[in-house]
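Have a look at run.tsv below; it lists TSV, C-alpha atoms.
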chain	number	residue	atom	x	y	z
I	14	LEU	CA	-24.46	25.71	12.72
I	15	ALA	CA	-25.01	22.61	10.63
I	16	ALA	CA	-21.91	20.98	12.15
I	17	LEU	CA	-23.07	21.91	15.66
I	18	LEU	CA	-26.51	20.43	15.01
I	19	ALA	CA	-24.96	17.21	13.64
I	20	ALA	CA	-22.69	16.97	16.69
I	21	MET	CA	-25.61	17.39	19.09
I	22	LEU	CA	-27.77	14.79	17.34
I	23	THR	CA	-24.98	12.19	17.04
I	24	TYR	CA	-24.01	12.77	20.68
I	25	ARG	CA	-27.53	12.15	21.89
I	26	ALA	CA	-28.54	9.39	19.46
I	27	LEU	CA	-25.24	7.50	19.14
I	28	GLU	CA	-22.34	8.46	21.41
I	29	ARG	CA	-24.14	8.69	24.75
I	30	PRO	CA	-26.19	5.47	24.31
I	31	VAL	CA	-23.06	3.53	23.30
I	32	ARG	CA	-21.05	4.84	26.26
I	33	ALA	CA	-23.89	3.99	28.66
I	34	SER	CA	-24.52	0.54	27.19
I	35	ARG	CA	-24.42	-2.16	29.90
I	36	TYR	CA	-23.97	-4.78	27.19
I	37	LEU	CA	-20.71	-3.23	25.97
I	38	ARG	CA	-19.47	-2.46	29.50
I	39	ALA	CA	-19.50	-6.16	30.21
I	40	ARG	CA	-17.60	-6.99	26.99
I	41	SER	CA	-14.38	-4.94	26.79
I	42	GLY	CA	-13.09	-6.90	23.76
I	43	LEU	CA	-16.23	-6.11	21.79
I	44	SER	CA	-15.94	-2.46	22.81
I	45	LEU	CA	-12.40	-2.27	21.48
I	46	LEU	CA	-13.43	-4.04	18.26
I	47	LEU	CA	-16.31	-1.60	17.77
I	48	ALA	CA	-13.90	1.34	18.32
I	49	ALA	CA	-11.51	-0.08	15.74
I	50	VAL	CA	-14.32	-0.62	13.20
I	51	ALA	CA	-15.61	2.92	13.74
I	52	THR	CA	-12.10	4.35	13.28
I	53	LEU	CA	-11.49	2.37	10.09
I	54	ALA	CA	-14.91	3.36	8.75
I	55	ALA	CA	-14.18	7.05	9.35
I	56	VAL	CA	-10.72	6.84	7.74
I	57	GLY	CA	-12.10	4.86	4.79
I	58	ALA	CA	-14.89	7.37	4.24
I	59	ALA	CA	-12.35	10.22	4.31
I	60	VAL	CA	-10.14	8.46	1.74
I	61	VAL	CA	-13.09	7.85	-0.58
I	62	LEU	CA	-14.28	11.46	-0.29
I	63	LEU	CA	-10.78	12.82	-0.92
I	64	SER	CA	-10.43	10.57	-3.97
I	65	LEU	CA	-13.77	11.75	-5.36
I	66	ALA	CA	-12.83	15.38	-4.72
I	67	ARG	CA	-9.46	14.94	-6.45
I	68	GLU	CA	-11.17	13.28	-9.41
I	69	GLN	CA	-13.63	16.16	-9.71
I	70	ILE	CA	-10.81	18.73	-9.54
I	71	LEU	CA	-8.85	16.77	-12.15
I	72	ASN	CA	-11.87	16.54	-14.45
I	73	ARG	CA	-12.44	20.29	-14.18
I	74	ASN	CA	-8.76	20.92	-14.94
I	75	LEU	CA	-8.82	18.61	-17.95
I	76	GLU	CA	-12.02	20.18	-19.24
I	77	SER	CA	-10.56	23.68	-18.97
I	78	LEU	CA	-7.34	22.51	-20.65
I	79	ALA	CA	-9.27	20.91	-23.50
I	80	ALA	CA	-11.16	24.17	-24.02
I	81	ALA	CA	-7.90	26.16	-23.93
I	82	GLU	CA	-6.36	24.08	-26.72
I	83	THR	CA	-9.00	25.37	-29.15
I	84	ASP	CA	-9.11	28.91	-27.75
I	85	VAL	CA	-7.93	30.79	-30.83
I	86	GLY	CA	-9.90	33.90	-29.88
I	87	ASP	CA	-13.15	35.35	-31.12
I	88	LEU	CA	-12.14	35.96	-34.73
I	89	SER	CA	-13.83	33.85	-37.41
I	90	LEU	CA	-11.00	31.91	-39.06
I	91	LYS	CA	-13.27	30.91	-41.95
I	92	ASP	CA	-14.46	34.40	-42.85
I	93	CYS	CA	-11.58	36.63	-41.77
I	94	VAL	CA	-8.34	34.67	-42.27
I	95	SER	CA	-6.80	33.47	-45.55
I	96	GLN	CA	-5.72	29.84	-45.44
I	97	GLY	CA	-3.49	27.34	-47.26
I	98	ASN	CA	-2.34	28.27	-50.76
I	99	SER	CA	-5.03	30.87	-51.29
I	100	THR	CA	-3.80	34.31	-52.32
I	101	GLU	CA	-7.18	35.94	-51.70
I	102	VAL	CA	-7.03	38.68	-49.08
I	103	LEU	CA	-9.84	38.11	-46.61
I	104	SER	CA	-10.58	41.05	-44.36
I	105	CYS	CA	-13.02	41.85	-41.55
I	106	GLU	CA	-13.96	45.16	-39.94
I	107	PHE	CA	-14.92	45.84	-36.33
I	108	GLY	CA	-16.25	48.99	-34.73
I	109	GLU	CA	-18.05	51.96	-36.23
I	110	SER	CA	-17.51	52.30	-39.98
I	111	ALA	CA	-17.63	56.09	-39.54
I	112	ALA	CA	-14.81	56.10	-36.97
I	113	GLN	CA	-12.22	58.77	-37.65
I	114	GLN	CA	-9.28	56.47	-36.85
I	115	THR	CA	-8.56	53.00	-38.27
I	116	ALA	CA	-6.10	50.38	-37.06
I	117	VAL	CA	-5.07	47.43	-39.24
I	118	LEU	CA	-3.89	44.12	-37.76
I	119	PHE	CA	-1.55	42.54	-40.33
I	120	GLY	CA	0.26	39.20	-40.17
I	121	ASP	CA	-0.04	35.48	-39.53
I	122	SER	CA	-1.46	33.36	-36.71
I	123	HIS	CA	0.71	35.25	-34.22
I	124	ALA	CA	-1.18	38.37	-35.25
I	125	ILE	CA	-4.48	36.51	-34.81
I	126	GLN	CA	-3.60	35.82	-31.17
I	127	TRP	CA	-3.63	39.60	-30.51
I	128	PHE	CA	-7.08	40.12	-32.03
I	129	ASN	CA	-9.10	39.86	-28.80
I	130	PRO	CA	-7.22	42.49	-26.77
I	131	LEU	CA	-6.78	44.76	-29.79
I	132	ARG	CA	-10.50	44.66	-30.56
I	133	THR	CA	-11.25	45.58	-26.93
I	134	ALA	CA	-8.69	48.40	-26.96
I	135	THR	CA	-9.85	49.91	-30.27
I	136	HIS	CA	-13.49	49.69	-29.18
I	137	LEU	CA	-12.75	51.62	-25.99
I	138	GLU	CA	-10.86	54.23	-28.01
I	139	ALA	CA	-13.69	54.49	-30.60
I	140	TRP	CA	-11.40	53.33	-33.42
I	141	ARG	CA	-12.26	51.00	-36.28
I	142	LEU	CA	-10.26	47.75	-36.50
I	143	VAL	CA	-9.57	45.97	-39.81
I	144	THR	CA	-7.89	42.54	-39.97
I	145	VAL	CA	-5.62	41.46	-42.86
I	146	LEU	CA	-4.41	37.99	-41.88
I	147	LYS	CA	-3.19	34.71	-43.34
I	148	SER	CA	-2.24	31.63	-41.32
I	149	GLY	CA	1.37	30.61	-41.90
I	150	CYS	CA	2.34	33.76	-43.80
I	151	SER	CA	4.33	36.39	-41.97
I	152	ALA	CA	3.86	40.12	-42.51
I	153	SER	CA	7.62	40.19	-43.02
I	154	ALA	CA	8.85	38.89	-46.36
I	155	ILE	CA	10.32	35.65	-45.02
I	156	SER	CA	9.83	31.98	-45.78
I	157	PRO	CA	6.36	30.77	-44.76
I	158	HIS	CA	5.56	28.34	-42.01
I	159	PRO	CA	4.44	25.66	-42.24
I	160	PRO	CA	6.10	25.00	-45.61
I	161	SER	CA	2.77	23.71	-46.97
I	162	ALA	CA	1.57	27.32	-47.10
I	163	GLY	CA	3.84	27.81	-50.12
I	164	THR	CA	6.39	30.56	-50.63
I	165	GLU	CA	4.86	31.82	-53.87
I	166	ALA	CA	1.36	31.89	-52.39
I	167	CYS	CA	2.60	33.79	-49.33
I	168	ASN	CA	4.47	36.32	-51.43
I	169	ALA	CA	1.45	36.90	-53.68
I	170	TRP	CA	-0.89	37.23	-50.71
I	171	ARG	CA	1.48	39.64	-48.95
I	172	GLU	CA	1.69	41.92	-52.00
I	173	ARG	CA	-2.09	42.00	-52.30
I	174	ALA	CA	-2.48	42.51	-48.56
I	175	ILE	CA	-0.11	45.50	-48.56
I	176	GLY	CA	-2.02	46.96	-51.50
I	177	LYS	CA	-5.28	46.61	-49.60
I	178	ILE	CA	-3.79	48.20	-46.49
I	179	ILE	CA	-2.50	51.17	-48.50
I	180	ALA	CA	-5.96	51.62	-50.05
I	181	LEU	CA	-7.51	51.77	-46.56
I	182	HIS	CA	-5.30	54.72	-45.51
I	183	PRO	CA	-5.23	53.52	-41.87
I	184	SER	CA	-4.00	55.58	-38.95
I	185	VAL	CA	-1.77	52.75	-37.76
I	186	VAL	CA	-0.74	49.29	-38.95
I	187	LEU	CA	0.12	46.68	-36.35
I	188	MET	CA	2.46	44.02	-37.74
I	189	ALA	CA	2.70	40.77	-35.78
I	190	SER	CA	4.36	37.57	-36.97
I	191	TYR	CA	5.82	34.30	-35.75
I	192	THR	CA	9.61	34.73	-35.43
I	193	GLY	CA	10.38	31.32	-33.95
I	194	VAL	CA	11.65	30.22	-37.36
I	195	THR	CA	14.89	31.96	-36.38
I	196	MET	CA	15.08	29.82	-33.26
I	197	ARG	CA	13.95	26.33	-34.18
I	198	GLY	CA	12.49	24.54	-37.16
I	199	PHE	CA	8.76	24.39	-37.74
I	200	ARG	CA	7.79	20.89	-38.86
I	201	ALA	CA	11.50	20.10	-39.28
I	202	GLU	CA	12.50	22.82	-41.79
I	203	LEU	CA	15.74	24.65	-41.11
I	204	PRO	CA	15.47	27.87	-39.11
I	205	ILE	CA	16.04	31.11	-41.01
I	206	THR	CA	18.80	33.52	-40.04
I	207	GLY	CA	18.42	36.78	-38.17
I	208	GLU	CA	19.67	38.57	-41.30
I	209	ALA	CA	16.90	36.98	-43.39
I	210	LEU	CA	14.34	38.21	-40.87
I	211	ARG	CA	15.90	41.69	-40.85
I	212	SER	CA	15.88	42.06	-44.63
I	213	GLY	CA	12.39	40.56	-44.98
I	214	THR	CA	10.98	42.88	-42.31
I	215	ARG	CA	12.74	45.84	-43.92
I	216	ARG	CA	11.09	45.15	-47.30
I	217	THR	CA	7.62	45.14	-45.74
I	218	LEU	CA	8.27	48.23	-43.62
I	219	GLU	CA	9.57	50.21	-46.58
I	220	ARG	CA	6.38	49.41	-48.51
I	221	LEU	CA	4.15	50.49	-45.63
I	222	VAL	CA	5.91	53.65	-44.45
I	223	GLY	CA	5.80	55.00	-47.98
I	224	PHE	CA	2.14	56.01	-47.71
I	225	GLY	CA	2.58	57.81	-44.39
I	226	ALA	CA	0.86	55.54	-41.86
I	227	ARG	CA	2.37	54.83	-38.47
I	228	ILE	CA	3.65	51.27	-38.08
I	229	VAL	CA	3.75	49.36	-34.79
I	230	VAL	CA	5.64	46.07	-34.81
I	231	VAL	CA	4.35	43.80	-32.04
I	232	ARG	CA	7.13	41.74	-30.52
I	233	ASP	CA	6.44	38.04	-30.94
I	234	SER	CA	5.28	36.17	-27.84
I	235	PRO	CA	7.91	34.12	-25.94
I	236	LEU	CA	8.38	30.67	-27.44
I	237	PRO	CA	7.90	27.69	-25.07
I	238	PRO	CA	10.27	24.72	-25.48
I	239	PHE	CA	7.36	22.23	-25.32
I	240	ASP	CA	3.63	21.86	-25.85
I	241	VAL	CA	2.28	23.71	-22.82
I	242	PRO	CA	-1.23	22.14	-22.54
I	243	ALA	CA	0.24	18.63	-22.85
I	244	CYS	CA	2.67	19.39	-20.02
I	245	VAL	CA	-0.06	20.87	-17.83
I	246	VAL	CA	-2.33	17.86	-18.46
I	247	ARG	CA	0.44	15.49	-17.34
I	248	GLN	CA	0.97	17.58	-14.23
I	249	ALA	CA	-2.76	17.73	-13.48
I	250	ILE	CA	-3.00	13.94	-13.72
I	251	ARG	CA	0.07	13.46	-11.54
I	252	ASP	CA	-0.49	16.16	-8.91
I	253	GLY	CA	-4.13	17.19	-9.31
I	254	SER	CA	-2.99	20.77	-9.95
I	255	ALA	CA	-2.49	22.72	-13.18
I	256	GLU	CA	-0.06	25.31	-11.80
I	257	GLY	CA	3.65	25.50	-11.13
I	258	GLY	CA	5.26	22.54	-12.87
I	259	CYS	CA	5.39	23.66	-16.51
I	260	ASP	CA	7.02	27.07	-16.27
I	261	PHE	CA	9.98	27.68	-18.61
I	262	ASP	CA	13.04	29.91	-18.82
I	263	ALA	CA	12.43	33.44	-20.09
I	264	ALA	CA	15.97	34.07	-21.34
I	265	THR	CA	15.65	31.40	-24.03
I	266	ALA	CA	11.96	31.89	-24.80
I	267	LEU	CA	12.22	35.64	-25.49
I	268	ASN	CA	14.28	35.18	-28.69
I	269	GLU	CA	16.40	38.34	-28.54
I	270	THR	CA	17.97	37.50	-31.92
I	271	ALA	CA	14.65	37.93	-33.72
I	272	PHE	CA	13.69	41.10	-31.84
I	273	ASP	CA	17.11	42.63	-32.54
I	274	ALA	CA	16.67	41.80	-36.24
I	275	GLU	CA	13.26	43.50	-36.35
I	276	ARG	CA	14.58	46.62	-34.63
I	277	ALA	CA	17.52	46.72	-37.02
I	278	ALA	CA	15.06	46.51	-39.93
I	279	ALA	CA	13.31	49.68	-38.73
I	280	ARG	CA	16.50	51.68	-38.31
I	281	GLY	CA	16.26	55.00	-40.13
I	282	LEU	CA	12.56	54.65	-40.97
I	283	ALA	CA	10.14	57.25	-39.66
I	284	ASN	CA	6.97	56.38	-37.76
I	285	VAL	CA	7.95	52.80	-36.87
I	286	ARG	CA	7.51	51.84	-33.23
I	287	PHE	CA	7.62	48.57	-31.25
I	288	LEU	CA	5.08	47.19	-28.80
I	289	ASP	CA	6.52	44.69	-26.33
I	290	LEU	CA	4.18	42.90	-23.91
I	291	SER	CA	6.55	40.04	-23.11
I	292	ASP	CA	7.07	41.27	-19.54
I	293	LEU	CA	3.41	40.41	-18.90
I	294	ILE	CA	3.82	36.90	-20.32
I	295	CYS	CA	7.15	36.08	-18.67
I	296	LEU	CA	7.36	37.32	-15.10
I	297	GLY	CA	10.99	37.98	-14.28
I	298	SER	CA	13.22	35.06	-15.26
I	299	SER	CA	10.36	32.57	-15.65
I	300	CYS	CA	7.42	32.20	-18.03
I	301	PRO	CA	4.44	30.66	-16.16
I	302	ALA	CA	2.27	28.16	-18.00
I	303	VAL	CA	-0.73	29.32	-15.97
I	304	GLN	CA	-1.47	32.85	-14.75
I	305	ARG	CA	-4.43	33.79	-12.55
I	306	GLY	CA	-5.94	30.38	-13.29
I	307	ILE	CA	-5.71	30.97	-17.07
I	308	LEU	CA	-3.66	28.73	-19.36
I	309	VAL	CA	-1.24	31.06	-21.16
I	310	TYR	CA	-0.57	28.95	-24.27
I	311	ARG	CA	-2.86	26.74	-26.32
I	312	ASP	CA	0.02	24.78	-27.92
I	313	ASP	CA	3.80	25.20	-28.20
I	314	ASN	CA	3.74	28.77	-29.54
I	315	HIS	CA	0.28	30.46	-29.54
I	316	LEU	CA	-1.30	32.37	-26.66
I	317	THR	CA	-4.83	31.41	-25.70
I	318	GLY	CA	-7.50	33.92	-26.63
I	319	ARG	CA	-8.58	34.17	-23.00
I	320	PHE	CA	-5.10	35.01	-21.73
I	321	ALA	CA	-4.45	37.47	-24.57
I	322	GLU	CA	-7.76	39.17	-23.72
I	323	SER	CA	-6.56	39.60	-20.12
I	324	LEU	CA	-3.74	41.80	-21.51
I	325	ALA	CA	-6.19	44.24	-23.13
I	326	PRO	CA	-5.79	47.00	-20.49
I	327	ALA	CA	-1.99	46.93	-20.79
I	328	LEU	CA	-2.12	46.76	-24.59
I	329	ARG	CA	-4.49	49.73	-24.73
I	330	SER	CA	-2.39	51.78	-22.33
I	331	ARG	CA	0.92	51.11	-24.07
I	332	LEU	CA	-0.30	51.24	-27.66
I	333	PHE	CA	-2.43	54.35	-27.48
I	334	GLY	CA	0.00	56.06	-25.12
I	335	MET	CA	2.63	55.51	-27.84
I	336	LEU	CA	0.33	56.75	-30.61
I	337	ARG	CA	-0.58	59.93	-28.72
I	338	GLN	CA	3.11	60.76	-28.45
I	339	THR	CA	3.74	60.12	-32.14
I	340	PRO	CA	2.61	62.80	-34.60

As structure tokens, please, write out the structure in this file.
Amino acid sequence: LAALLAAMLTYRALERPVRASRYLRARSGLSLLLAAVATLAAVGAAVVLLSLAREQILNRNLESLAAAETDVGDLSLKDCVSQGNSTEVLSCEFGESAAQQTAVLFGDSHAIQWFNPLRTATHLEAWRLVTVLKSGCSASAISPHPPSAGTEACNAWRERAIGKIIALHPSVVLMASYTGVTMRGFRAELPITGEALRSGTRRTLERLVGFGARIVVVRDSPLPPFDVPACVVRQAIRDGSAEGGCDFDAATALNETAFDAERAAARGLANVRFLDLSDLICLGSSCPAVQRGILVYRDDNHLTGRFAESLAPALRSRLFGMLRQTP
């Protein structure tokens, strides 16, 4: 209606008077010049408007990307996550303290990335959630990453963490750790072997299964070959779009060597299960950098809190479906 009104007004006030102008009828050259000026003015205005629109879209993309880079999730890193060379076991609880069932999230920053969907899932199931986390220190007894975390500090923290978990008598322990150290160096240290991951995971599992809790090992998220937000920013600047140009190959990113080592570590142990959500991160043979308008990774190895939260329904269905089948 607005366009129709504008057309009617411009026809009556501009187009019809110009076409009926005796002055212009007598000057064909001037008429042609006026037509050319009007055409150029319209084209120029369209170019300017398109440029402004592209700039606004780009700014929105860059703002959302900047926010994604710091999207660790909703867990307080200061209060709930041990850092650096500290061996203190920081822990936080979520949900009703009187809940009959308790889940423990145990591991490093790749366990932290699952906090949002796990908190949602446990809340819907009326479970209590307890976090036992330390950045750079795997739940498996392997070398820490980055090296600045310190091997001795990680080992001491892990022993204390396992002791705390045993004292909680949880219904289930979810172990999640960065396994990319078997695939590429982290800050230039040499990658560890699959056998080192197997034996380190076995040591932790043997400690935990001894007190009778169910253990769920969460498969590590696929590992991108580059910094995903940086790639998407370059693409947004070049093409004005954040989607499509920074996807990567699933076969390499899925790190079968590490997953095979973890499964081998659990062989023969009762009540150890595996939760694999990688099919929701990599779709078929490709791992998209952006899904449903959400940036999947906040750097070159961590999921964004927002994307991880979007997996809450699937995590709840698979995890608690598994637990209901396991005595």

Can you tell me which residues surround His182 of chain I at a distance of at most 12 Å, considering all atoms listed in the file, apart from same-chain residues fewer than 5 positions away, and format the answer as a PyMOL selection string? chain I and resi 113-117+143+175-177+221-227

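Coordinates place atom CA of Asn268 of chain I at a distance of 26.8 Å from atom CA of Trp170 of chain I.
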
Using only C-alpha atoms, which of the listed residues (I:Ser95, I:Ser64, I:Asn129, I:Thr135) sits closest to Leu332 of chain I? I:Thr135

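Separating atom CA of Arg337 of chain I from atom CA of Val185 of chain I is a distance of 11.6 Å.
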
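Atom pair atom CA of Glu82 of chain I / atom CA of Val303 of chain I has a distance of 13.2 Å (rounded to one decimal).
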
My list of candidates is I:Ala325, I:Ile179, I:Ala278, I:Ile228. Which is closest to Thr133 of chain I when distances are computed with all atoms listed in the file? I:Ala325
